[in-house]
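Dropping run.csv in here (CSV, C-alpha atoms):
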```csv
chain,number,residue,atom,x,y,z
A,1,MET,CA,-44.7,49.1,-21.2
A,2,LEU,CA,-44.1,52.8,-21.2
A,3,THR,CA,-47.0,53.4,-23.6
A,4,SER,CA,-49.3,51.7,-21.1
A,5,PHE,CA,-47.9,53.5,-18.1
A,6,PHE,CA,-47.9,57.0,-19.5
A,7,GLY,CA,-51.1,56.3,-21.5
A,8,LYS,CA,-52.9,57.4,-18.3
A,9,SER,CA,-53.1,60.8,-16.7
A,10,LYS,CA,-52.5,60.1,-13.0
A,11,PRO,CA,-50.8,62.3,-10.3
A,12,PHE,CA,-48.0,59.8,-10.0
A,13,ASN,CA,-47.2,60.2,-13.7
A,14,PHE,CA,-46.8,63.9,-13.2
A,15,ILE,CA,-44.6,63.4,-10.1
A,16,LEU,CA,-42.4,60.9,-12.1
A,17,VAL,CA,-42.0,63.2,-15.1
A,18,SER,CA,-41.3,66.2,-12.9
A,19,THR,CA,-38.6,64.1,-11.0
A,20,TYR,CA,-37.1,63.1,-14.4
A,21,LEU,CA,-36.9,66.7,-15.5
A,22,ILE,CA,-35.4,67.9,-12.2
A,23,LEU,CA,-32.8,65.1,-12.3
A,24,GLY,CA,-31.9,66.1,-15.8
A,25,TYR,CA,-31.5,69.7,-14.8
A,26,PHE,CA,-29.4,69.1,-11.8
A,27,SER,CA,-27.3,66.5,-13.7
A,28,TYR,CA,-26.4,69.1,-16.3
A,29,LEU,CA,-25.5,71.7,-13.6
A,30,PHE,CA,-23.4,69.1,-11.8
A,31,PHE,CA,-21.5,68.0,-15.0
A,32,LYS,CA,-20.9,71.6,-16.0
A,33,GLY,CA,-19.7,72.5,-12.4
A,34,ILE,CA,-22.3,75.3,-12.2
A,35,ILE,CA,-23.7,74.3,-8.8
A,36,ASP,CA,-22.3,76.1,-5.8
A,37,PHE,CA,-23.9,76.7,-2.4
A,38,SER,CA,-24.1,80.5,-2.4
A,39,ILE,CA,-27.5,81.9,-1.6
A,40,PRO,CA,-27.9,83.7,-4.9
A,41,THR,CA,-27.1,80.6,-6.9
A,42,ILE,CA,-29.5,78.4,-4.8
A,43,LEU,CA,-32.3,81.0,-5.2
A,44,GLN,CA,-31.7,81.2,-8.9
A,45,ILE,CA,-31.7,77.4,-9.4
A,46,SER,CA,-34.8,77.0,-7.2
A,47,LEU,CA,-36.6,79.7,-9.2
A,48,PHE,CA,-35.8,78.1,-12.6
A,49,THR,CA,-36.6,74.6,-11.3
A,50,LEU,CA,-40.1,76.0,-10.6
A,51,THR,CA,-40.1,77.7,-14.0
A,52,TYR,CA,-39.4,74.4,-15.8
A,53,LEU,CA,-42.1,72.6,-13.9
A,54,PHE,CA,-44.5,75.4,-14.7
A,55,LEU,CA,-43.7,75.0,-18.4
A,56,LEU,CA,-44.5,71.3,-18.0
A,57,PHE,CA,-47.9,71.8,-16.3
A,58,LEU,CA,-48.8,74.7,-18.6
A,59,LEU,CA,-48.3,72.5,-21.6
A,60,ASN,CA,-50.5,69.8,-20.0
A,61,PHE,CA,-53.2,72.4,-19.2
A,62,ILE,CA,-53.2,73.7,-22.8
A,63,ASN,CA,-53.3,70.2,-24.1
A,64,LYS,CA,-56.3,69.2,-22.0
A,65,LYS,CA,-58.2,72.5,-22.2
A,66,ASN,CA,-58.1,72.3,-26.0
A,67,LYS,CA,-58.4,68.5,-26.3
A,68,LEU,CA,-55.4,68.4,-28.6
A,69,THR,CA,-54.7,64.8,-27.6
A,70,LYS,CA,-56.3,62.1,-25.5
A,71,ASN,CA,-56.1,62.0,-21.7
A,72,ASN,CA,-52.5,60.8,-21.2
A,73,THR,CA,-49.1,62.1,-20.2
A,74,TYR,CA,-47.1,61.5,-23.4
A,75,SER,CA,-46.8,65.2,-24.3
A,76,ILE,CA,-45.2,66.2,-21.0
A,77,VAL,CA,-42.8,63.1,-21.1
A,78,LEU,CA,-41.7,64.2,-24.6
A,79,PHE,CA,-41.5,67.9,-23.6
A,80,SER,CA,-39.3,67.1,-20.6
A,81,THR,CA,-37.1,64.8,-22.7
A,82,PHE,CA,-36.6,67.6,-25.3
A,83,LEU,CA,-35.5,69.9,-22.5
A,84,VAL,CA,-33.0,67.3,-21.1
A,85,ILE,CA,-31.5,66.4,-24.5
A,86,PHE,CA,-30.9,70.0,-25.3
A,87,PRO,CA,-29.4,70.9,-21.8
A,88,SER,CA,-28.1,74.3,-22.9
A,89,VAL,CA,-31.7,75.4,-22.3
A,90,PHE,CA,-30.9,75.1,-18.6
A,91,VAL,CA,-28.5,78.0,-18.7
A,92,GLU,CA,-30.1,80.2,-21.4
A,93,TYR,CA,-32.7,81.7,-19.0
A,94,SER,CA,-33.9,84.4,-21.4
A,95,MET,CA,-34.9,81.6,-23.9
A,96,VAL,CA,-36.8,79.9,-21.1
A,97,LEU,CA,-38.6,83.0,-19.9
A,98,SER,CA,-39.5,83.9,-23.5
A,99,ASN,CA,-41.0,80.4,-24.0
A,100,VAL,CA,-43.1,80.7,-20.8
A,101,PHE,CA,-44.8,83.8,-22.2
A,102,LEU,CA,-45.2,82.3,-25.6
A,103,LEU,CA,-47.0,79.3,-24.1
A,104,LEU,CA,-49.3,81.7,-22.3
A,105,ALA,CA,-50.0,83.3,-25.6
A,106,LEU,CA,-50.5,80.0,-27.3
A,107,ARG,CA,-53.1,79.1,-24.7
A,108,ARG,CA,-55.1,82.1,-25.7
A,109,ILE,CA,-54.6,81.7,-29.4
A,110,LEU,CA,-55.8,78.1,-29.5
A,111,SER,CA,-58.9,79.1,-27.7
A,112,LEU,CA,-59.8,81.7,-30.4
A,113,PRO,CA,-61.9,79.3,-32.5
A,114,SER,CA,-64.6,79.5,-29.7
A,115,LYS,CA,-66.8,82.6,-29.7
A,116,ILE,CA,-66.3,83.6,-26.0
A,117,ASN,CA,-64.2,86.7,-25.0
A,118,THR,CA,-62.6,87.0,-28.4
A,119,LYS,CA,-61.2,90.5,-28.0
A,120,LYS,CA,-59.8,89.7,-24.6
A,121,LYS,CA,-58.1,86.6,-25.9
A,122,ILE,CA,-56.5,88.5,-28.8
A,123,LEU,CA,-55.3,91.3,-26.4
A,124,ASP,CA,-53.9,88.8,-23.9
A,125,ALA,CA,-52.0,86.9,-26.6
A,126,SER,CA,-50.5,90.1,-28.0
A,127,LEU,CA,-49.4,91.2,-24.6
A,128,TRP,CA,-47.8,87.8,-23.8
A,129,ILE,CA,-45.9,87.7,-27.2
A,130,SER,CA,-44.8,91.3,-26.7
A,131,ILE,CA,-43.4,90.5,-23.3
A,132,ALA,CA,-41.7,87.3,-24.7
A,133,SER,CA,-39.9,89.5,-27.3
A,134,LEU,CA,-38.3,91.5,-24.4
A,135,PHE,CA,-36.4,88.3,-23.4
A,136,ASN,CA,-35.8,87.1,-26.9
A,137,PHE,CA,-36.4,89.6,-29.7
A,138,TRP,CA,-37.2,87.0,-32.4
A,139,SER,CA,-40.2,85.8,-30.4
A,140,ILE,CA,-41.9,88.7,-32.0
A,141,LEU,CA,-42.3,86.5,-35.1
A,142,PHE,CA,-45.1,84.6,-33.2
A,143,PHE,CA,-47.3,87.5,-34.0
A,144,ALA,CA,-47.7,85.8,-37.3
A,145,VAL,CA,-49.5,82.9,-35.6
A,146,LEU,CA,-51.7,85.3,-33.8
A,147,PHE,CA,-52.6,87.2,-37.0
A,148,ILE,CA,-53.4,83.9,-38.7
A,149,ALA,CA,-55.9,83.1,-35.9
A,150,VAL,CA,-57.3,86.7,-36.0
A,151,PHE,CA,-57.8,86.7,-39.8
A,152,GLN,CA,-60.2,83.8,-39.3
A,153,LYS,CA,-62.2,86.1,-37.0
A,154,ALA,CA,-61.8,89.3,-39.1
A,155,THR,CA,-64.5,88.3,-41.6
A,156,LYS,CA,-67.0,89.0,-38.8
A,157,ASN,CA,-65.3,92.0,-37.2
A,158,PHE,CA,-62.5,93.9,-38.9
A,159,LYS,CA,-61.5,95.6,-35.6
A,160,TYR,CA,-60.0,92.4,-34.4
A,161,ILE,CA,-57.0,93.0,-36.6
A,162,LEU,CA,-56.2,96.2,-34.6
A,163,ILE,CA,-56.1,94.6,-31.2
A,164,PRO,CA,-52.6,93.0,-31.5
A,165,PHE,CA,-51.2,96.5,-32.3
A,166,VAL,CA,-52.8,97.8,-29.1
A,167,GLY,CA,-51.2,95.0,-27.0
A,168,PHE,CA,-47.8,95.6,-28.6
A,169,LEU,CA,-47.9,99.4,-28.1
A,170,SER,CA,-49.1,98.9,-24.5
A,171,VAL,CA,-46.0,96.7,-23.6
A,172,PHE,CA,-43.7,99.0,-25.6
A,173,THR,CA,-45.0,102.1,-23.8
A,174,LEU,CA,-44.9,100.6,-20.3
A,175,THR,CA,-41.3,99.3,-20.9
A,176,THR,CA,-40.3,102.7,-22.1
A,177,VAL,CA,-41.7,104.4,-19.0
A,178,TYR,CA,-39.9,101.9,-16.9
A,179,TYR,CA,-36.5,102.5,-18.5
A,180,LEU,CA,-37.1,106.3,-18.4
A,181,PHE,CA,-37.5,106.2,-14.6
A,182,VAL,CA,-34.9,103.6,-13.8
A,183,ASN,CA,-32.1,104.3,-16.4
A,184,ASN,CA,-33.2,107.8,-17.5
A,185,SER,CA,-33.3,106.6,-21.1
A,186,PHE,CA,-36.1,105.9,-23.5
A,187,ILE,CA,-34.1,104.2,-26.3
A,188,TRP,CA,-34.0,100.8,-24.5
A,189,PHE,CA,-35.0,99.0,-27.7
A,190,LEU,CA,-31.6,99.7,-29.2
A,191,GLU,CA,-30.1,97.3,-26.7
A,192,LEU,CA,-32.2,94.4,-27.8
A,193,ASN,CA,-30.3,91.7,-29.6
A,194,THR,CA,-31.8,91.9,-33.1
A,195,THR,CA,-28.9,90.2,-34.9
A,196,ILE,CA,-29.2,87.2,-37.2
A,197,GLY,CA,-26.8,84.3,-37.1
A,198,PHE,CA,-26.1,81.5,-39.5
A,199,ASP,CA,-23.1,79.9,-37.8
A,200,PHE,CA,-24.1,76.3,-37.3
A,201,SER,CA,-20.7,75.0,-36.4
A,202,GLU,CA,-21.7,74.1,-32.8
A,203,TYR,CA,-24.2,71.7,-34.3
A,204,LYS,CA,-21.3,69.4,-35.2
A,205,SER,CA,-20.7,68.4,-31.6
A,206,PRO,CA,-21.7,64.7,-31.0
A,207,GLN,CA,-24.3,65.6,-28.3
A,208,LEU,CA,-26.1,68.2,-30.4
A,209,THR,CA,-25.9,66.1,-33.5
A,210,ILE,CA,-27.7,63.2,-31.8
A,211,SER,CA,-30.3,65.4,-30.3
A,212,ILE,CA,-31.0,67.2,-33.6
A,213,ILE,CA,-31.3,63.8,-35.4
A,214,PHE,CA,-33.7,62.5,-32.8
A,215,ILE,CA,-35.9,65.6,-32.9
A,216,THR,CA,-35.9,65.7,-36.7
A,217,ILE,CA,-37.0,62.0,-36.8
A,218,VAL,CA,-39.8,62.8,-34.4
A,219,PHE,CA,-40.8,65.8,-36.4
A,220,LEU,CA,-40.9,63.9,-39.7
A,221,VAL,CA,-42.9,60.9,-38.5
A,222,SER,CA,-45.3,63.1,-36.6
A,223,MET,CA,-46.0,65.3,-39.6
A,224,ILE,CA,-46.5,62.3,-41.9
A,225,GLN,CA,-48.9,60.7,-39.5
A,226,LYS,CA,-50.8,63.9,-39.1
A,227,ARG,CA,-51.1,64.3,-42.8
A,228,LEU,CA,-52.3,60.8,-43.3
A,229,LYS,CA,-55.0,61.1,-40.6
A,230,SER,CA,-56.1,64.6,-41.5
A,231,ALA,CA,-59.3,63.5,-43.1
A,232,MET,CA,-60.4,62.0,-39.8
A,233,ILE,CA,-59.9,65.2,-37.8
A,234,PRO,CA,-63.0,67.4,-37.1
A,235,LEU,CA,-63.0,70.9,-38.6
A,236,LYS,CA,-62.6,72.7,-35.2
A,237,GLU,CA,-59.6,70.5,-34.4
A,238,LYS,CA,-58.1,71.1,-37.8
A,239,LEU,CA,-58.1,74.9,-37.1
A,240,LYS,CA,-56.1,74.3,-33.9
A,241,ASN,CA,-53.8,71.9,-35.6
A,242,ARG,CA,-53.1,74.5,-38.3
A,243,LEU,CA,-52.2,77.1,-35.7
A,244,LEU,CA,-49.9,74.6,-34.0
A,245,PHE,CA,-48.3,73.8,-37.3
A,246,PHE,CA,-47.6,77.5,-38.0
A,247,THR,CA,-46.2,77.7,-34.4
A,248,LEU,CA,-43.9,74.9,-35.3
A,249,LEU,CA,-42.8,76.7,-38.6
A,250,ILE,CA,-42.1,79.9,-36.7
A,251,GLY,CA,-40.0,77.9,-34.2
A,252,ILE,CA,-38.0,76.5,-37.1
A,253,LEU,CA,-37.5,80.0,-38.5
A,254,ILE,CA,-36.2,81.3,-35.2
A,255,ILE,CA,-33.8,78.3,-35.0
A,256,VAL,CA,-32.4,79.2,-38.4
A,257,ILE,CA,-31.9,83.0,-37.8
A,258,SER,CA,-31.1,82.9,-34.0
A,259,PRO,CA,-27.7,84.4,-33.2
A,260,ILE,CA,-27.5,81.8,-30.4
A,261,LYS,CA,-26.7,78.4,-31.8
A,262,ASN,CA,-26.0,76.1,-28.8
A,263,GLY,CA,-29.2,74.1,-28.9
A,264,SER,CA,-31.3,76.2,-26.5
A,265,GLU,CA,-33.0,77.8,-29.5
A,266,PHE,CA,-34.8,74.5,-30.2
A,267,ILE,CA,-37.0,75.2,-27.2
A,268,PHE,CA,-39.4,77.0,-29.5
A,269,LEU,CA,-40.2,73.7,-31.1
A,270,PHE,CA,-40.8,71.6,-27.9
A,271,ALA,CA,-44.4,72.5,-27.1
A,272,PRO,CA,-46.0,72.0,-30.6
A,273,LEU,CA,-43.8,69.1,-31.5
A,274,SER,CA,-44.6,67.2,-28.3
A,275,ILE,CA,-48.3,67.6,-29.0
A,276,PHE,CA,-47.9,66.3,-32.6
A,277,ALA,CA,-45.7,63.5,-31.5
A,278,THR,CA,-48.2,62.5,-28.9
A,279,TYR,CA,-50.9,62.2,-31.6
A,280,TYR,CA,-48.5,59.9,-33.5
A,281,ILE,CA,-48.0,57.7,-30.5
A,282,GLU,CA,-51.8,57.5,-29.9
A,283,THR,CA,-52.6,56.6,-33.5
A,284,VAL,CA,-49.8,54.5,-34.9
A,285,LYS,CA,-51.0,50.9,-35.3
A,286,LYS,CA,-47.7,49.2,-34.6
A,287,ARG,CA,-47.3,49.7,-30.8
A,288,TRP,CA,-43.7,48.7,-30.8
A,289,ILE,CA,-42.9,51.9,-32.7
A,290,SER,CA,-44.4,54.2,-30.1
A,291,GLU,CA,-42.8,52.1,-27.4
A,292,ALA,CA,-39.4,52.4,-29.0
A,293,ILE,CA,-39.8,56.2,-29.4
A,294,LEU,CA,-40.6,56.6,-25.7
A,295,TRP,CA,-37.8,54.4,-24.6
A,296,VAL,CA,-35.3,56.2,-26.8
A,297,ALA,CA,-36.6,59.5,-25.6
A,298,VAL,CA,-36.3,58.6,-21.9
A,299,LEU,CA,-32.8,57.0,-22.2
A,300,LEU,CA,-31.2,59.3,-24.8
A,301,PRO,CA,-30.1,61.9,-22.1
A,302,VAL,CA,-27.9,59.2,-20.5
A,303,LEU,CA,-26.0,58.7,-23.7
A,304,ILE,CA,-25.8,62.5,-24.4
A,305,TYR,CA,-24.5,63.4,-20.9
A,306,PHE,CA,-21.8,60.8,-20.9
A,307,LEU,CA,-20.4,61.5,-24.4
```
Would you put the structure from the file into structure tokens?
Amino acid sequence: MLTSFFGKSKPFNFILVSTYLILGYFSYLFFKGIIDFSIPTILQISLFTLTYLFLLFLLNFINKKNKLTKNNTYSIVLFSTFLVIFPSVFVEYSMVLSNVFLLLALRRILSLPSKINTKKKILDASLWISIASLFNFWSILFFAVLFIAVFQKATKNFKYILIPFVGFLSVFTLTTVYYLFVNNSFIWFLELNTTIGFDFSEYKSPQLTISIIFITIVFLVSMIQKRLKSAMIPLKEKLKNRLLFFTLLIGILIIVISPIKNGSEFIFLFAPLSIFATYYIETVKKRWISEAILWVAVLLPVLIYFL
């Protein structure tokens, strides 16, 4: 039933998924007693509600623009579900903002296989990743994905490799100028949280354990299915899939080394994993499996919130 309903890309589907995400967000704020009726809190909640919805529609735009999956809404259903089952994302605003800029960068990176505006795309992606690292330092690791994409172009023009450095230095210089005028200091980068943490004790909580098990299962079945169907994928799509896969690997690396271990760090997996999982739902022959995945995904937050 859910596969048939969300197998179409209709405005009502987007409204329904958006409502689901907003309900998940407000439910978490309510259960944690975070909501109050002061004007600053209302403005903050309203701003981040729009930010979460922007993430949803940005993912859908990237998906459609690059034809990563068929014309359906599975990816945004899964993306919103991942957000809701890792609800600490809703209070780690720096993680969310970092992810917004990384998705903007991913949009440009995935369009690099085409031959149009290559230099501008590389510069844009480097700027977005640099800005993302201001909110979460380890986002800077996504430069690896950009360089992988650039090296594919560097055989034709070696100068492409230099462009990401220009983008990074531009953001670094502008940020330094800002801090020099506002705080009369130019060593702002010393305040960035560059620590590494390997304390996984919070993952033992029932809520996080269930969420991690679910997302791990989705990851494994999606990767296996993608590998089995790789021979059927056109070369141009293979290049994009490879970039998405490296995005996924960098996301896993950030989860491992992140000093924050409350579940919000998993946000770096949500976009690429929701795309790979959508491909699995589209191509798996036994429809009851894809139906079960969607039902578990949609209903899992209820179990998690009431544990």
*What lies within 9 Å of Ile129 in chain A using all atoms listed in the file, ignoring chain neighbours under 2 positions off, as a ChimeraX atom specification?*
/A:98,101-102,104-106,124-127,131-134,139-143,168
_Env of Val284 in chain A: 12 Å cut, atoms = only C-alpha atoms, seq-sep filter 4 positions within chain, self excluded. Answer as a list in words._
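Contacts, in chain order: Thr3, Val221, Ser222, Ile224, Gln225, Lys226, Leu228, Lys229, Ala277, Thr278, Tyr279, Tyr280, Trp288, Ile289, Ser290, Glu291 and Ile293 of chain A.
CA of Ser46 in chain A is found 19.8 Å from CA of Phe86 in chain A.
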_I want to know what sits within 10 Å of Phe219 in chain A, based on all atoms listed in the file, with residues of the same chain fewer than 5 positions away left out; could you give that as a ChimeraX atom specification?_
/A:213-214,224,248,269,272-274,276-277
*Would you list the contacts of Leu68 in chain A as a PyMOL selection string, taking every protein, DNA or RNA residue within 9 Å and counting all atoms listed in the file, but skipping same-chain residues closer than 6 positions in sequence?*
chain A and resi 62+237+240-241+275-276+279
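Take CA of Leu244 in chain A and CA of Val256 in chain A: the distance between them is 18.6 Å.
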